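Remarks on the structure that follows.
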Amino acid sequence: MDQTKKQFLQKKAMDIRITGLKMVEKAHSGHIGGAFSLSEIMAVLYFDQMRIRPEEPRWPDRDRFVLSKGHCTVALYPTLALRGFFDLALLDTFRRADGHLSGHAEMNHVPGVDMSTGSLGQGFSVAVGMALAAQLEQKDLTVYAVLGDGEIQEGQVWEACMYAGAHHLDRLVAIVDSNRVQLDGTVREILDTGDLKAKFESFGFFVQSIDGHNVEEISDALKRAKAERGRPSMILANTVKGKGVSFMEGKNTWHGKTPDAEQFAAAFQELYQAAKEVEG
């Protein structure tokens with residue numbers, strides 16, 4: 001990846017964080033921690049890898065994206081708006097009763113959302129179904145799914161993995177946003193999921209482990225996953241919950257907490273400074 005493309009994607013990731021934080025400030029609600037750990041992944045997917053048409057959100061041959069950790073719309077909605085699926089001004093309606101940008105991903109009224117999600121584990125099962133449909137119809141598309149590392153404590157995820165591996169669903173590329181922190185504490189404290197690489201490999205997945213904040217590593221891993229034949233892919237993206245805001249990083253208290261005015265100001269200052277540094 002050349003420096004210009006790298007800088008562009010890093011800047012998009014910062015734009016996603018800043019735009020997401022503005023949404024939360026306006027709504028006084030939203031899940032920041034797991035959205036900020038996801039920002040580079042979203043930037044690379046939507047601005048580098050996915051075959052999509054923002055002007056035609058339901059284009060039949062598009063790649064699909066399922067945010068299985070569906071509460072992290074603070075990353076999803078800004079990404080879709082910045083990519084051109086809908087006007088940025090619509091983000092002001094986030095979590096409002098008279099709008100459709102609900103706190104969890106909503107597909108019926110939000111352009112670019114391929115599946116309504118929020119009940120943890122279920123989104124990944126739908127992504128497996130989409131990959132199966134693409135295989136049966138011999139469609140040249142990729143189904144991308146993002147899971148949380150707390151989410152994979154759900155048994156439904158492993159049922160879906162068993163099916164994907166047994167049916168060689170090579171159109172499925174899943175990503176675990178492994179920030180190691182969930183609502184009530186660390187993943188290890190709540191329910192240690194152990195050696196994820198070995199687990200997913202045992203289900204027949206091609207597994208890669210990467211730095212989930214390195215846009216080059218993310219892009220390269222997605223390319224390798226898409227090229228893999230005869231088995232589904234799983235990317236273990238090592239990330240930091242609340243990435244980009246020092247007082248949020250790695251802390252479960254910022255899973256869904258809303259900052260106060262002073263904290264918002266401090267967070268924006270850090271993000272704008274980081275964005276300037278990316279721009280050089």
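Labels for the structure tokens follow display order: chains A, B, ..., residues from 1 in each chain, ligands from 1.
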Using only C-alpha atoms, which protein or nucleic acid residues come within 10 Å of A:Asp114? Drop anything in the same chain fewer than 6 positions from it, and give the result as a compact mmCIF listing (two decimals) with C-alpha atoms, in the first residue's frame.
```
# COMPACT_ATOMS: atom_id res chain seq x y z
CA PRO A 57 -27.62 0.38 -1.99
CA ARG A 58 -29.56 -2.76 -3.02
CA ASP A 63 -20.64 -7.38 -1.32
CA ARG A 64 -22.61 -7.74 1.90
CA PHE A 65 -21.70 -6.45 5.36
CA VAL A 66 -23.24 -7.66 8.62
CA LEU A 67 -22.39 -5.86 11.85
CA ALA A 105 -28.32 -1.59 13.07
CA GLU A 106 -31.58 -1.16 11.13
CA MET A 107 -31.95 -2.39 7.54
CA ASN A 108 -35.49 -1.46 6.51
CA ALA A 127 -24.01 -13.79 7.36
```
Residue neighbourhood A:Asp177, 12 Å, only C-alpha atoms, exclusion window fewer than 5 positions, as a compact mmCIF listing (two decimals) with N, CA, C and O atoms, in the first residue's frame:
```
# COMPACT_ATOMS: atom_id res chain seq x y z
N GLY A 33 -17.09 2.79 22.95
CA GLY A 33 -15.90 1.96 23.08
C GLY A 33 -15.68 0.98 21.95
O GLY A 33 -14.62 0.96 21.31
N GLY A 34 -16.68 0.15 21.67
CA GLY A 34 -16.55 -0.86 20.62
C GLY A 34 -16.64 -0.31 19.22
O GLY A 34 -16.26 -0.97 18.26
N ALA A 35 -17.14 0.93 19.08
CA ALA A 35 -17.15 1.59 17.77
C ALA A 35 -15.77 2.14 17.45
O ALA A 35 -15.30 2.04 16.31
N PHE A 36 -15.12 2.70 18.44
CA PHE A 36 -13.79 3.28 18.21
C PHE A 36 -12.75 2.20 17.97
O PHE A 36 -11.77 2.41 17.25
N SER A 37 -12.93 1.01 18.56
CA SER A 37 -11.98 -0.08 18.28
C SER A 37 -12.15 -0.59 16.86
O SER A 37 -11.26 -1.23 16.30
N LEU A 38 -13.28 -0.30 16.26
CA LEU A 38 -13.65 -0.83 14.94
C LEU A 38 -13.35 0.13 13.79
O LEU A 38 -13.46 -0.26 12.63
N SER A 39 -12.93 1.34 14.08
CA SER A 39 -12.91 2.39 13.05
C SER A 39 -11.99 2.12 11.88
O SER A 39 -12.36 2.35 10.72
N GLU A 40 -10.78 1.63 12.13
CA GLU A 40 -9.87 1.33 11.00
C GLU A 40 -10.42 0.19 10.14
O GLU A 40 -10.30 0.22 8.92
N ILE A 41 -11.03 -0.80 10.78
CA ILE A 41 -11.61 -1.92 10.04
C ILE A 41 -12.71 -1.41 9.12
O ILE A 41 -12.78 -1.79 7.94
N MET A 42 -13.57 -0.54 9.63
CA MET A 42 -14.65 0.01 8.80
C MET A 42 -14.10 0.85 7.66
O MET A 42 -14.61 0.80 6.53
N LEU A 67 -22.97 -6.26 10.57
CA LEU A 67 -22.39 -5.86 11.85
C LEU A 67 -23.06 -6.71 12.93
O LEU A 67 -24.09 -6.34 13.47
N SER A 68 -22.47 -7.87 13.20
CA SER A 68 -23.10 -8.77 14.16
C SER A 68 -23.11 -8.16 15.56
O SER A 68 -24.06 -8.35 16.31
N LYS A 69 -22.06 -7.41 15.90
CA LYS A 69 -22.09 -6.63 17.15
C LYS A 69 -22.87 -5.35 16.86
O LYS A 69 -22.34 -4.25 16.76
N CYS A 72 -22.87 -1.32 17.74
CA CYS A 72 -21.80 -0.37 17.39
C CYS A 72 -22.12 0.46 16.16
O CYS A 72 -21.28 0.66 15.26
N ALA A 145 -18.52 -10.06 7.86
CA ALA A 145 -19.23 -9.98 9.13
C ALA A 145 -18.25 -9.58 10.23
O ALA A 145 -17.12 -10.08 10.26
N VAL A 146 -18.67 -8.68 11.10
CA VAL A 146 -17.85 -8.27 12.24
C VAL A 146 -18.52 -8.71 13.53
O VAL A 146 -19.70 -8.40 13.78
N LEU A 147 -17.77 -9.42 14.35
CA LEU A 147 -18.25 -9.88 15.66
C LEU A 147 -17.41 -9.25 16.76
O LEU A 147 -16.25 -8.89 16.54
N GLY A 148 -17.98 -9.14 17.95
CA GLY A 148 -17.22 -8.72 19.11
C GLY A 148 -16.64 -9.94 19.82
O GLY A 148 -17.17 -11.04 19.72
N ASP A 149 -15.53 -9.75 20.53
CA ASP A 149 -14.95 -10.90 21.23
C ASP A 149 -15.74 -11.27 22.48
O ASP A 149 -15.61 -12.39 22.99
N GLY A 150 -16.59 -10.38 22.96
CA GLY A 150 -17.55 -10.76 23.99
C GLY A 150 -18.72 -11.50 23.37
O GLY A 150 -19.26 -12.45 23.95
N GLU A 151 -19.09 -11.08 22.18
CA GLU A 151 -20.22 -11.71 21.48
C GLU A 151 -19.99 -13.19 21.22
O GLU A 151 -20.93 -13.98 21.26
N ILE A 152 -18.75 -13.58 20.95
CA ILE A 152 -18.51 -14.98 20.58
C ILE A 152 -18.63 -15.92 21.77
O ILE A 152 -18.44 -17.13 21.63
N GLN A 182 -15.56 -6.25 27.47
CA GLN A 182 -16.99 -6.22 27.21
C GLN A 182 -17.69 -5.41 28.29
O GLN A 182 -17.02 -4.77 29.11
N SER A 209 -4.27 -13.46 12.25
CA SER A 209 -4.26 -12.57 13.40
C SER A 209 -3.49 -11.31 13.02
O SER A 209 -2.35 -11.39 12.53
N ILE A 210 -4.12 -10.14 13.25
CA ILE A 210 -3.53 -8.89 12.78
C ILE A 210 -3.68 -7.79 13.83
O ILE A 210 -4.43 -7.93 14.81
N ASP A 211 -2.99 -6.68 13.59
CA ASP A 211 -3.19 -5.45 14.34
C ASP A 211 -4.41 -4.75 13.72
O ASP A 211 -4.36 -4.28 12.59
N GLY A 212 -5.51 -4.70 14.47
CA GLY A 212 -6.75 -4.14 13.94
C GLY A 212 -6.77 -2.63 13.80
O GLY A 212 -7.80 -2.07 13.40
N HIS A 213 -5.67 -1.96 14.12
CA HIS A 213 -5.58 -0.52 13.90
C HIS A 213 -4.56 -0.17 12.81
O HIS A 213 -4.31 1.01 12.56
N ILE A 218 -4.80 -4.73 7.83
CA ILE A 218 -6.22 -5.04 7.61
C ILE A 218 -6.48 -5.30 6.13
O ILE A 218 -7.10 -6.29 5.75
N MET A 234 -11.53 -16.26 8.89
CA MET A 234 -11.71 -15.51 10.14
C MET A 234 -10.46 -14.67 10.38
O MET A 234 -9.34 -15.19 10.37
N ILE A 235 -10.67 -13.38 10.59
CA ILE A 235 -9.56 -12.47 10.91
C ILE A 235 -9.71 -12.05 12.36
O ILE A 235 -10.74 -11.49 12.75
N LEU A 236 -8.70 -12.34 13.15
CA LEU A 236 -8.67 -11.91 14.55
C LEU A 236 -7.96 -10.57 14.61
O LEU A 236 -6.73 -10.50 14.47
N ALA A 237 -8.73 -9.51 14.77
CA ALA A 237 -8.19 -8.15 14.75
C ALA A 237 -7.95 -7.69 16.19
O ALA A 237 -8.89 -7.47 16.96
N ASN A 238 -6.70 -7.59 16.57
CA ASN A 238 -6.34 -7.16 17.92
C ASN A 238 -6.48 -5.64 18.00
O ASN A 238 -5.78 -4.90 17.30
N THR A 239 -7.41 -5.19 18.84
CA THR A 239 -7.74 -3.77 18.90
C THR A 239 -7.78 -3.27 20.34
O THR A 239 -7.59 -4.05 21.28
N VAL A 240 -8.05 -1.99 20.50
CA VAL A 240 -8.15 -1.35 21.81
C VAL A 240 -9.52 -0.71 21.93
O VAL A 240 -9.90 0.13 21.10
N LYS A 241 -10.28 -1.10 22.92
CA LYS A 241 -11.60 -0.50 23.14
C LYS A 241 -11.43 0.99 23.42
O LYS A 241 -10.55 1.39 24.18
```
Apply DSSP to the structure's backbone, then extract all residues of stretch 9-252 of chain A labelled strand (DSSP E) and return them as a PyMOL selection string. chain A and resi 64-67+143-148+172-178+181-182+185-186+206-211+233-238
Could you write out the selected residues, including C-alpha atoms, as a PDB file, in the first residue's frame?
```pdb
ATOM      1  CA  ARG A  64     -22.607  -7.744   1.905  1.00  0.00           C
ATOM      2  CA  PHE A  65     -21.704  -6.451   5.359  1.00  0.00           C
ATOM      3  CA  VAL A  66     -23.238  -7.656   8.617  1.00  0.00           C
ATOM      4  CA  LEU A  67     -22.392  -5.861  11.854  1.00  0.00           C
ATOM      5  CA  VAL A 143     -20.042 -11.525   2.751  1.00  0.00           C
ATOM      6  CA  TYR A 144     -18.190  -9.670   5.498  1.00  0.00           C
ATOM      7  CA  ALA A 145     -19.230  -9.981   9.134  1.00  0.00           C
ATOM      8  CA  VAL A 146     -17.855  -8.270  12.240  1.00  0.00           C
ATOM      9  CA  LEU A 147     -18.250  -9.878  15.657  1.00  0.00           C
ATOM     10  CA  GLY A 148     -17.219  -8.723  19.108  1.00  0.00           C
ATOM     11  CA  LEU A 172     -17.584 -15.654   4.064  1.00  0.00           C
ATOM     12  CA  VAL A 173     -14.962 -13.337   5.606  1.00  0.00           C
ATOM     13  CA  ALA A 174     -15.529 -12.762   9.318  1.00  0.00           C
ATOM     14  CA  ILE A 175     -13.642 -10.420  11.614  1.00  0.00           C
ATOM     15  CA  VAL A 176     -13.494 -10.568  15.387  1.00  0.00           C
ATOM     16  CA  ASP A 177     -12.994  -7.102  16.874  1.00  0.00           C
ATOM     17  CA  SER A 178     -10.829  -8.441  19.676  1.00  0.00           C
ATOM     18  CA  VAL A 181     -13.213  -5.814  26.957  1.00  0.00           C
ATOM     19  CA  GLN A 182     -16.987  -6.221  27.206  1.00  0.00           C
ATOM     20  CA  GLY A 185     -15.286  -6.319  32.482  1.00  0.00           C
ATOM     21  CA  THR A 186     -12.584  -8.031  30.473  1.00  0.00           C
ATOM     22  CA  PHE A 206      -8.579 -20.002   7.437  1.00  0.00           C
ATOM     23  CA  VAL A 207      -7.444 -17.806  10.344  1.00  0.00           C
ATOM     24  CA  GLN A 208      -5.249 -14.703  10.408  1.00  0.00           C
ATOM     25  CA  SER A 209      -4.262 -12.569  13.395  1.00  0.00           C
ATOM     26  CA  ILE A 210      -3.525  -8.888  12.782  1.00  0.00           C
ATOM     27  CA  ASP A 211      -3.189  -5.446  14.341  1.00  0.00           C
ATOM     28  CA  SER A 233     -12.034 -17.013   6.678  1.00  0.00           C
ATOM     29  CA  MET A 234     -11.712 -15.514  10.135  1.00  0.00           C
ATOM     30  CA  ILE A 235      -9.561 -12.473  10.909  1.00  0.00           C
ATOM     31  CA  LEU A 236      -8.674 -11.911  14.549  1.00  0.00           C
ATOM     32  CA  ALA A 237      -8.187  -8.153  14.755  1.00  0.00           C
ATOM     33  CA  ASN A 238      -6.338  -7.155  17.915  1.00  0.00           C
TER      34      ASN A 238
END
```
Please list as a PyMOL selection string every residue within 7 Å of A:Gly20, counting only C-alpha atoms and excluding residues in the same chain fewer than 2 positions away. chain A and resi 16-18+22-24+74-75+78
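Picture a line from atom CA of A:Met248 to atom CA of A:Phe268; it runs 12.4 Å.
Pairwise distance (atom CA of A:Gly204, atom CA of A:Val128) equals 13.7 Å.
With only C-alpha atoms as the atoms that count, the minimum distance from A:Glu262 to the choices A:Asp98, A:Glu201, A:Glu137, A:Glu25 is reached by A:Glu25.
Relative to atom CA of A:Ser119, atom CA of A:Asn179 is found at 19.2 Å.
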Which residues in stretch 195-225 of chain A does DSSP call alpha helix (DSSP H)? List them as number ranges by chain. A: 196-202, 215-225
Export of the given selection (N, CA, C and O atoms) as a short mmCIF file (atom, residue, chain, number, x, y, z; two decimals), in the first residue's frame:
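Produced file again.cif, reproduced below:
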```cif
data_model
loop_
_atom_site.label_atom_id
_atom_site.label_comp_id
_atom_site.auth_asym_id
_atom_site.auth_seq_id
_atom_site.Cartn_x
_atom_site.Cartn_y
_atom_site.Cartn_z
N LEU A 196 -8.34 -18.51 20.37
CA LEU A 196 -9.32 -18.35 19.29
C LEU A 196 -8.81 -18.86 17.95
O LEU A 196 -9.57 -19.41 17.16
N LYS A 197 -7.54 -18.68 17.70
CA LYS A 197 -6.98 -19.16 16.43
C LYS A 197 -7.18 -20.67 16.31
O LYS A 197 -7.67 -21.18 15.29
N ALA A 198 -6.83 -21.39 17.36
CA ALA A 198 -6.98 -22.85 17.33
C ALA A 198 -8.44 -23.26 17.24
O ALA A 198 -8.80 -24.20 16.53
N LYS A 199 -9.31 -22.53 17.94
CA LYS A 199 -10.73 -22.86 17.92
C LYS A 199 -11.32 -22.71 16.52
O LYS A 199 -12.00 -23.60 15.99
N PHE A 200 -11.09 -21.54 15.91
CA PHE A 200 -11.67 -21.32 14.58
C PHE A 200 -11.05 -22.25 13.54
O PHE A 200 -11.75 -22.73 12.64
N GLU A 201 -9.78 -22.55 13.66
CA GLU A 201 -9.15 -23.50 12.74
C GLU A 201 -9.78 -24.88 12.86
O GLU A 201 -9.96 -25.59 11.86
N SER A 202 -10.14 -25.25 14.09
CA SER A 202 -10.75 -26.57 14.29
C SER A 202 -12.12 -26.67 13.63
O SER A 202 -12.60 -27.78 13.35
N VAL A 215 -3.95 -0.12 9.05
CA VAL A 215 -4.76 -0.22 7.83
C VAL A 215 -4.11 -1.10 6.78
O VAL A 215 -4.81 -1.77 6.01
N GLU A 216 -2.79 -1.12 6.73
CA GLU A 216 -2.11 -1.99 5.76
C GLU A 216 -2.34 -3.46 6.09
O GLU A 216 -2.64 -4.28 5.21
N GLU A 217 -2.20 -3.81 7.38
CA GLU A 217 -2.42 -5.20 7.79
C GLU A 217 -3.87 -5.63 7.55
O GLU A 217 -4.14 -6.75 7.11
N ILE A 218 -4.80 -4.73 7.83
CA ILE A 218 -6.22 -5.04 7.61
C ILE A 218 -6.48 -5.30 6.13
O ILE A 218 -7.10 -6.29 5.75
N SER A 219 -5.98 -4.41 5.28
CA SER A 219 -6.20 -4.53 3.84
C SER A 219 -5.59 -5.82 3.30
O SER A 219 -6.23 -6.57 2.53
N ASP A 220 -4.36 -6.11 3.70
CA ASP A 220 -3.68 -7.32 3.21
C ASP A 220 -4.41 -8.58 3.69
O ASP A 220 -4.56 -9.55 2.93
N ALA A 221 -4.86 -8.57 4.94
CA ALA A 221 -5.57 -9.74 5.48
C ALA A 221 -6.89 -9.97 4.74
O ALA A 221 -7.25 -11.12 4.45
N LEU A 222 -7.60 -8.90 4.43
CA LEU A 222 -8.86 -9.03 3.71
C LEU A 222 -8.63 -9.57 2.30
O LEU A 222 -9.40 -10.40 1.80
N LYS A 223 -7.56 -9.14 1.66
CA LYS A 223 -7.24 -9.64 0.32
C LYS A 223 -6.91 -11.12 0.35
O LYS A 223 -7.37 -11.90 -0.50
N ARG A 224 -6.11 -11.53 1.34
CA ARG A 224 -5.78 -12.95 1.47
C ARG A 224 -7.03 -13.78 1.75
O ARG A 224 -7.21 -14.87 1.20
N ALA A 225 -7.90 -13.26 2.63
CA ALA A 225 -9.12 -13.99 2.98
C ALA A 225 -10.02 -14.16 1.76
O ALA A 225 -10.57 -15.24 1.52
#
```
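Proximity of A:Leu101, A:Leu136, A:Val113, A:Ile32 to A:Phe264, computed with only C-alpha atoms, is greatest for A:Ile32.
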